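Here's data.txt, which has compact mmCIF, C-alpha atoms:
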```txt
# COMPACT_ATOMS: atom_id res chain seq x y z
CA MET A 25 140.67 189.02 37.08
CA LYS A 26 137.54 190.88 36.10
CA PRO A 27 134.23 188.99 36.26
CA GLU A 28 133.08 187.59 32.96
CA ILE A 29 130.09 189.50 31.61
CA LYS A 30 127.97 187.44 29.28
CA PRO A 31 124.22 187.02 28.88
CA LEU A 32 122.54 184.62 31.27
CA ASP A 33 119.57 182.45 30.43
CA PRO A 34 116.30 183.72 31.93
CA GLY A 35 115.71 182.33 35.39
CA LEU A 36 116.53 182.60 39.09
CA TYR A 37 120.17 182.39 40.21
CA LEU A 38 120.66 181.75 43.93
CA VAL A 39 124.01 183.32 44.78
CA ALA A 40 125.82 182.52 48.04
CA THR A 41 127.56 185.52 49.59
CA PRO A 42 130.27 185.78 52.28
CA ILE A 43 129.26 185.41 55.92
CA GLY A 44 132.04 187.72 57.04
CA ASN A 45 135.21 187.91 54.98
CA ALA A 46 134.31 189.61 51.70
CA ARG A 47 136.88 187.55 49.81
CA ASP A 48 134.93 184.36 50.48
CA ILE A 49 132.93 184.78 47.31
CA THR A 50 133.31 182.51 44.31
CA LEU A 51 134.36 183.57 40.83
CA ARG A 52 131.13 182.15 39.46
CA ALA A 53 129.12 184.24 41.92
CA LEU A 54 130.92 187.35 40.68
CA ASP A 55 130.23 186.37 37.07
CA ILE A 56 126.52 186.04 37.81
CA LEU A 57 126.33 189.31 39.72
CA ALA A 58 128.12 191.04 36.85
CA SER A 59 125.81 189.56 34.21
CA ALA A 60 122.34 189.27 35.74
CA ASP A 61 119.65 191.56 34.37
CA VAL A 62 118.22 192.10 37.85
CA ILE A 63 119.68 191.79 41.37
CA ALA A 64 117.23 190.80 44.11
CA ALA A 65 118.55 191.01 47.65
CA GLU A 66 117.44 190.37 51.20
CA ASP A 67 119.27 193.63 52.03
CA THR A 68 119.97 195.88 49.06
CA ARG A 69 122.51 197.98 50.98
CA THR A 70 124.59 194.91 51.84
CA ALA A 71 124.37 193.66 48.26
CA ARG A 72 125.43 197.00 46.80
CA LYS A 73 128.38 197.26 49.20
CA LEU A 74 129.53 193.72 48.36
CA MET A 75 129.38 194.42 44.65
CA GLU A 76 131.30 197.68 45.07
CA LEU A 77 134.02 195.88 47.06
CA HIS A 78 134.53 193.56 44.10
CA GLY A 79 134.41 196.27 41.46
CA LEU A 80 130.94 195.40 40.15
CA ALA A 81 128.66 198.21 39.08
CA VAL A 82 124.94 197.86 39.50
CA GLY A 83 124.59 200.50 36.80
CA LYS A 84 121.09 200.90 35.44
CA ARG A 85 120.08 197.38 36.39
CA PRO A 86 117.25 197.07 38.93
CA LEU A 87 118.42 196.30 42.47
CA ILE A 88 115.24 195.22 44.25
CA PRO A 89 114.49 194.01 47.80
CA TYR A 90 113.17 190.55 48.54
CA HIS A 91 112.90 189.68 52.24
CA ASP A 92 110.59 188.17 54.86
CA HIS A 93 107.99 190.89 54.38
CA SER A 94 107.95 190.90 50.57
CA GLY A 95 105.22 188.28 50.40
CA PRO A 96 103.27 187.16 47.32
CA ASN A 97 103.48 190.56 45.62
CA GLY A 98 107.28 190.52 45.77
CA ARG A 99 107.42 187.04 44.30
CA ALA A 100 104.92 187.95 41.61
CA GLY A 101 107.11 190.86 40.53
CA ILE A 102 110.18 188.65 40.20
CA LEU A 103 108.20 185.97 38.37
CA LYS A 104 107.01 188.60 35.93
CA LEU A 105 110.59 189.72 35.25
CA ILE A 106 111.72 186.15 34.58
CA GLY A 107 108.67 185.54 32.41
CA GLU A 108 109.73 188.53 30.33
CA GLY A 109 113.04 186.80 29.65
CA ARG A 110 115.25 188.34 32.33
CA SER A 111 117.83 186.70 34.57
CA VAL A 112 117.47 187.45 38.29
CA ALA A 113 120.29 186.92 40.79
CA TYR A 114 119.04 186.52 44.36
CA VAL A 115 121.44 187.09 47.28
CA SER A 116 120.72 186.70 50.98
CA GLU A 117 122.19 189.17 53.46
CA ALA A 118 124.99 186.69 54.14
CA GLY A 119 125.55 183.03 53.36
CA THR A 120 123.63 180.62 51.18
CA PRO A 121 120.13 181.61 50.03
CA LEU A 122 117.28 179.45 51.37
CA VAL A 123 119.21 178.44 54.52
CA ALA A 124 117.30 180.29 57.28
CA ASP A 125 116.40 182.75 54.55
CA PRO A 126 113.18 183.96 52.85
CA GLY A 127 114.22 182.68 49.41
CA TYR A 128 112.51 179.30 49.81
CA ALA A 129 109.06 180.43 48.68
CA LEU A 130 110.57 182.37 45.79
CA ALA A 131 112.56 179.41 44.47
CA ARG A 132 109.53 177.13 44.86
CA GLU A 133 107.26 179.43 42.85
CA VAL A 134 109.81 180.14 40.12
CA GLY A 135 110.51 176.43 39.70
CA GLY A 136 106.82 175.63 39.88
CA ALA A 137 106.19 178.02 37.00
CA GLY A 138 108.63 176.05 34.86
CA HIS A 139 111.48 178.56 34.90
CA LEU A 140 115.17 177.87 35.45
CA VAL A 141 116.33 177.80 39.09
CA THR A 142 120.02 177.24 39.71
CA ALA A 143 122.56 178.00 42.43
CA ALA A 144 126.09 179.29 42.75
CA PRO A 145 127.18 177.60 46.02
CA GLY A 146 129.50 179.19 48.51
CA ALA A 147 129.78 180.33 52.10
CA SER A 148 127.47 178.87 54.75
CA ALA A 149 127.58 179.42 58.51
CA VAL A 150 126.14 175.93 59.00
CA LEU A 151 128.99 174.13 57.26
CA THR A 152 131.68 176.48 58.57
CA ALA A 153 130.62 175.95 62.19
CA LEU A 154 130.28 172.20 61.67
CA SER A 155 133.79 172.05 60.22
CA LEU A 156 135.27 173.93 63.19
CA SER A 157 133.29 172.18 65.92
CA ALA A 158 135.42 169.00 66.06
CA LEU A 159 132.15 167.05 66.27
CA PRO A 160 130.92 164.25 63.99
CA SER A 161 129.94 165.65 60.59
CA ASP A 162 128.86 162.53 58.70
CA ARG A 163 125.24 163.07 59.74
CA PHE A 164 123.87 166.39 60.90
CA LEU A 165 120.62 168.32 61.23
CA PHE A 166 120.28 172.06 60.76
CA ALA A 167 117.54 173.07 63.19
CA GLY A 168 117.45 176.81 62.46
CA PHE A 169 116.71 179.37 65.17
CA ALA A 170 115.44 178.30 68.59
CA PRO A 171 112.08 179.78 69.68
CA ASN A 172 112.28 182.90 71.85
CA ALA A 173 109.82 181.88 74.58
CA LYS A 174 111.27 179.58 77.23
CA SER A 175 108.42 177.04 77.23
CA ALA A 176 108.39 176.84 73.44
CA ARG A 177 112.18 176.57 73.33
CA ARG A 178 112.24 173.69 75.83
CA ALA A 179 109.53 171.80 73.96
CA TRP A 180 111.45 172.37 70.72
CA LEU A 181 114.66 171.06 72.28
CA GLN A 182 112.91 167.99 73.67
CA GLU A 183 112.04 167.00 70.11
CA LEU A 184 115.63 167.44 68.92
CA VAL A 185 118.05 166.28 71.60
CA ASN A 186 117.61 162.53 71.04
CA ILE A 187 117.99 162.67 67.25
CA PRO A 188 121.06 160.58 66.29
CA ALA A 189 122.70 163.39 64.33
CA THR A 190 124.89 166.35 65.18
CA LEU A 191 122.63 169.39 65.67
CA VAL A 192 123.37 172.85 64.27
CA ILE A 193 121.37 175.70 65.81
CA TYR A 194 121.42 179.43 65.11
CA GLU A 195 121.07 181.74 68.11
CA SER A 196 121.43 185.41 68.98
CA PRO A 197 124.15 186.54 71.42
CA LYS A 198 121.41 187.78 73.78
CA ARG A 199 119.89 184.31 74.18
CA ILE A 200 122.81 181.90 73.85
CA ASN A 201 123.18 181.55 77.64
CA GLN A 202 119.47 180.73 77.98
CA LEU A 203 119.78 178.13 75.24
CA LEU A 204 122.76 176.48 76.93
CA ALA A 205 120.96 176.40 80.28
CA ASP A 206 117.89 174.81 78.70
CA LEU A 207 120.05 172.26 76.90
CA CYS A 208 121.71 171.30 80.18
CA ASP A 209 118.25 170.53 81.55
CA THR A 210 116.86 168.72 78.51
CA ALA A 211 119.97 166.80 77.46
CA ASP A 212 122.90 165.21 79.26
CA ASP A 213 124.98 168.21 80.38
CA SER A 214 128.17 166.25 79.70
CA ARG A 215 127.31 166.11 76.01
CA GLN A 216 129.93 167.79 73.84
CA ALA A 217 129.15 171.00 71.98
CA ALA A 218 130.74 174.03 70.37
CA VAL A 219 129.73 177.69 70.27
CA ALA A 220 131.02 179.49 67.17
CA ARG A 221 130.71 183.22 66.58
CA GLU A 222 131.93 185.89 64.18
CA LEU A 223 132.83 183.18 61.69
CA THR A 224 135.42 184.19 59.06
CA LYS A 225 135.70 187.64 60.68
CA LYS A 226 138.57 189.25 62.59
CA PHE A 227 137.29 188.16 66.02
CA GLU A 228 136.26 184.63 65.05
CA GLU A 229 135.96 182.40 68.09
CA VAL A 230 135.01 178.76 68.66
CA VAL A 231 134.54 177.54 72.24
CA ARG A 232 134.35 173.77 72.69
CA GLY A 233 133.44 171.63 75.68
CA SER A 234 130.55 169.94 77.44
CA LEU A 235 127.22 171.73 77.69
CA ALA A 236 127.87 172.34 81.39
CA GLU A 237 131.34 173.73 80.71
CA LEU A 238 130.06 176.04 77.98
CA ARG A 239 127.17 177.21 80.15
CA ASP A 240 129.51 178.07 83.04
CA GLN A 241 132.27 179.50 80.86
CA LEU A 242 130.00 181.85 78.92
CA ALA A 243 127.64 182.80 81.75
CA GLU A 244 129.50 185.98 82.66
CA ARG A 245 130.44 186.99 79.13
CA THR A 246 128.64 189.41 76.86
CA LEU A 247 128.99 187.89 73.42
CA LYS A 248 128.66 189.73 70.14
CA GLY A 249 128.09 188.65 66.57
CA GLU A 250 126.12 185.88 64.90
CA ILE A 251 126.30 182.61 66.85
CA VAL A 252 126.07 178.99 65.76
CA LEU A 253 125.78 176.24 68.36
CA VAL A 254 126.82 172.73 67.32
CA LEU A 255 125.73 169.85 69.58
CA ASP A 256 127.03 166.30 69.49
CA ARG A 257 124.55 163.69 68.30
CA GLY A 258 121.88 162.26 70.54
CA THR A 259 120.61 158.75 70.90
CA ALA A 260 117.24 157.35 69.99
CA ALA A 261 114.57 158.11 72.57
CA VAL A 262 114.41 155.59 75.40
CA SER A 263 111.05 154.72 76.94
CA ASP A 264 110.50 155.10 80.69
CA GLU A 265 110.10 151.33 80.91
CA THR A 266 113.48 150.69 79.27
CA MET A 267 115.10 153.32 81.49
CA GLU A 268 113.65 151.71 84.62
CA GLU A 269 114.84 148.29 83.53
CA ALA A 270 118.36 149.64 83.02
CA LEU A 271 118.24 151.39 86.41
CA ALA A 272 117.01 148.28 88.19
CA LYS A 273 119.92 146.28 86.76
CA ALA A 274 122.50 148.98 87.56
CA MET A 275 121.23 149.52 91.12
CA LYS A 276 121.95 145.91 91.99
CA THR A 277 125.67 146.69 92.04
CA MET A 278 125.83 150.51 92.28
CA SER A 279 124.66 153.33 94.47
CA VAL A 280 121.59 155.30 93.34
CA LYS A 281 123.79 158.18 92.23
CA ASP A 282 126.24 156.03 90.27
CA ALA A 283 123.49 153.96 88.69
CA ALA A 284 121.66 157.08 87.53
CA ALA A 285 124.86 158.56 86.07
CA THR A 286 125.69 155.32 84.25
CA VAL A 287 122.21 154.91 82.72
CA ALA A 288 122.03 158.58 81.74
CA ALA A 289 125.38 158.40 79.97
CA ALA A 290 124.59 155.09 78.26
CA HIS A 291 121.26 156.24 76.87
CA GLY A 292 121.94 159.95 76.34
CA LEU A 293 119.29 160.95 78.90
CA PRO A 294 119.20 164.02 81.17
CA LYS A 295 120.92 163.19 84.46
CA ARG A 296 118.24 164.91 86.48
CA LYS A 297 115.43 162.83 84.97
CA VAL A 298 117.24 159.54 85.51
CA TYR A 299 118.30 160.45 89.05
CA GLN A 300 114.71 161.33 90.03
CA ALA A 301 113.51 158.00 88.62
CA ALA A 302 116.22 156.17 90.54
CA LEU A 303 115.21 157.88 93.80
CA GLU A 304 111.61 156.81 93.29
CA MET A 305 112.67 153.23 92.62
CA ALA A 306 114.89 153.19 95.73
CA LYS A 307 112.03 154.07 98.11
```
Whole structure given in structure tokens:
Amino acid sequence: MKPEIKPLDPGLYLVATPIGNARDITLRALDILASADVIAAEDTRTARKLMELHGLAVGKRPLIPYHDHSGPNGRAGILKLIGEGRSVAYVSEAGTPLVADPGYALAREVGGAGHLVTAAPGASAVLTALSLSALPSDRFLFAGFAPNAKSARRAWLQELVNIPATLVIYESPKRINQLLADLCDTADDSRQAAVARELTKKFEEVVRGSLAELRDQLAERTLKGEIVLVLDRGTAAVSDETMEEALAKAMKTMSVKDAAATVAAAHGLPKRKVYQAALEMAK
């Protein structure tokens, strides 16, 4: 079935594109790409290739870049085109625009100027990984990319690990082992997680297990492809006073080691932190 080509109302059309398998594009997305007056893309080469795969000709229509470095001038150019009565389809390199993508500022300014902003939903690495993780999906938080620097990454994780929602984190294959090691130190290393890579592609893989198991299992592997880490939900932060009260009660009937393990598991706290507190209390 050929895409339907009909005039679109002036405005910004946020078009989700496949994250791997080129056939994971919607019919409505193809209609918009066939009909839009202008195509704006995070990567114009990727956009052109996708359109060619589906038999869509760019023709004489402008195919313009819009990415992290486009800035105010890039947005001003697109706003001008829409103000002149043109329809602009915006596609990210892969997945849903505005999810870890530079389209946020563009959509905000176009909408703020009173123009139409609409979306053709579709593929998303966040939802695909969440679906395959076998972890609770009724409440989740997309946290984006972890910071590169170790100290910044650990501080960032400390803010996230106790949130009572499943966490979804993007990471590069070069740093996934560092992220898992830091998570083992900042969260309970028995907490369940999943590492998903190459989603919807030929070598798709999802590895599930505890943080400690994933850390050890992937330590010697050289992974490739885009990676999404999904982490089981945390528990609300527990104060040191509450933790000490729970330890004092547990240590009446358990060894220091067993009491620390029990309190850590019950409150979703790092085992190392609870064990150190228990040792201090046992002196």
Spatial sel., origin (113.5, 190.5, 51.7), limit 10 Å, all atoms listed in the file, listed as a list in words: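 Protein and nucleic acid residues near the point are Ala64, Ala65, Glu66, Asp67, Thr68, Ile88, Pro89, Tyr90, His91, Asp92, His93, Ser94, Gly95, Gly98, Val115, Ser116, Glu117, Asp125, Pro126 and Gly127 of chain A.
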Test item: residues at most 12 Å from range 270-286 of chain A, all atoms listed in the file, excluding those fewer than 6 positions along its chain, as a ChimeraX atom specification: /A:212-214,262-264,292-307
Point (135.5, 169.8, 61.5) neighbourhood (12 Å, only C-alpha atoms) written as a ChimeraX atom specification: /A:150-162,190,218,230,232,254
Closest of A:Pro197, A:Gly119, A:Gly249, A:Gly109 to Lys225 in chain A - atom-to-atom distances counting all atoms listed in the file: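 Among the listed residues, A:Gly249 lies closest to Lys225 in chain A.
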Residue among A:Leu87, A:Ala71, A:Ala129, A:Leu36 lying closest to Arg99 in chain A, counting only C-alpha atoms: A:Ala129
Which of A:Asp48, A:Asp206, A:Asp256, A:Glu229 sits closest to Leu165 in chain A [using only C-alpha atoms]: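 The closest residue to Leu165 in chain A is A:Asp256.
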Nearest-residue call for Cys208 in chain A, choices A:Glu76, A:Glu222, A:Asp240, A:Glu195, using only C-alpha atoms: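 Result for the nearest residue to Cys208 in chain A: A:Asp240.
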Report as a short mmCIF file (atom, residue, chain, number, x, y, z; two decimals) with C-alpha atoms, keeping the file's coordinate frame all protein, DNA and RNA residues lying within 12 Å of Ala173 in chain A, evaluated on only C-alpha atoms, omitting residues in the same chain fewer than 6 positions from it.
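The file below, out24.cif, is the result:
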```
data_model
loop_
_atom_site.label_atom_id
_atom_site.label_comp_id
_atom_site.auth_asym_id
_atom_site.auth_seq_id
_atom_site.Cartn_x
_atom_site.Cartn_y
_atom_site.Cartn_z
CA ALA A 179 109.53 171.80 73.96
CA TRP A 180 111.45 172.37 70.72
CA ARG A 199 119.89 184.31 74.18
CA GLN A 202 119.47 180.73 77.98
CA LEU A 203 119.78 178.13 75.24
CA ASP A 206 117.89 174.81 78.70
#
```
Counting only C-alpha atoms, the residue of A:Leu255, A:Gly79, A:Pro145, A:Leu204 that sits nearest Phe166 in chain A: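 Of all the options, A:Leu255 lies closest to Phe166 in chain A.
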Distance of CA of Ile63 in chain A from CA of Pro27 in chain A, expressed in Å to one decimal place: 15.7 Å
Å distance separating CA of Leu38 in chain A from CA of Leu54 in chain A, one decimal place: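 CA of Leu38 in chain A sits 12.1 Å away from CA of Leu54 in chain A.
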Counting all atoms listed in the file, the residue of A:Lys174, A:Arg52, A:His139, A:Arg257 that sits nearest Ala189 in chain A: A:Arg257
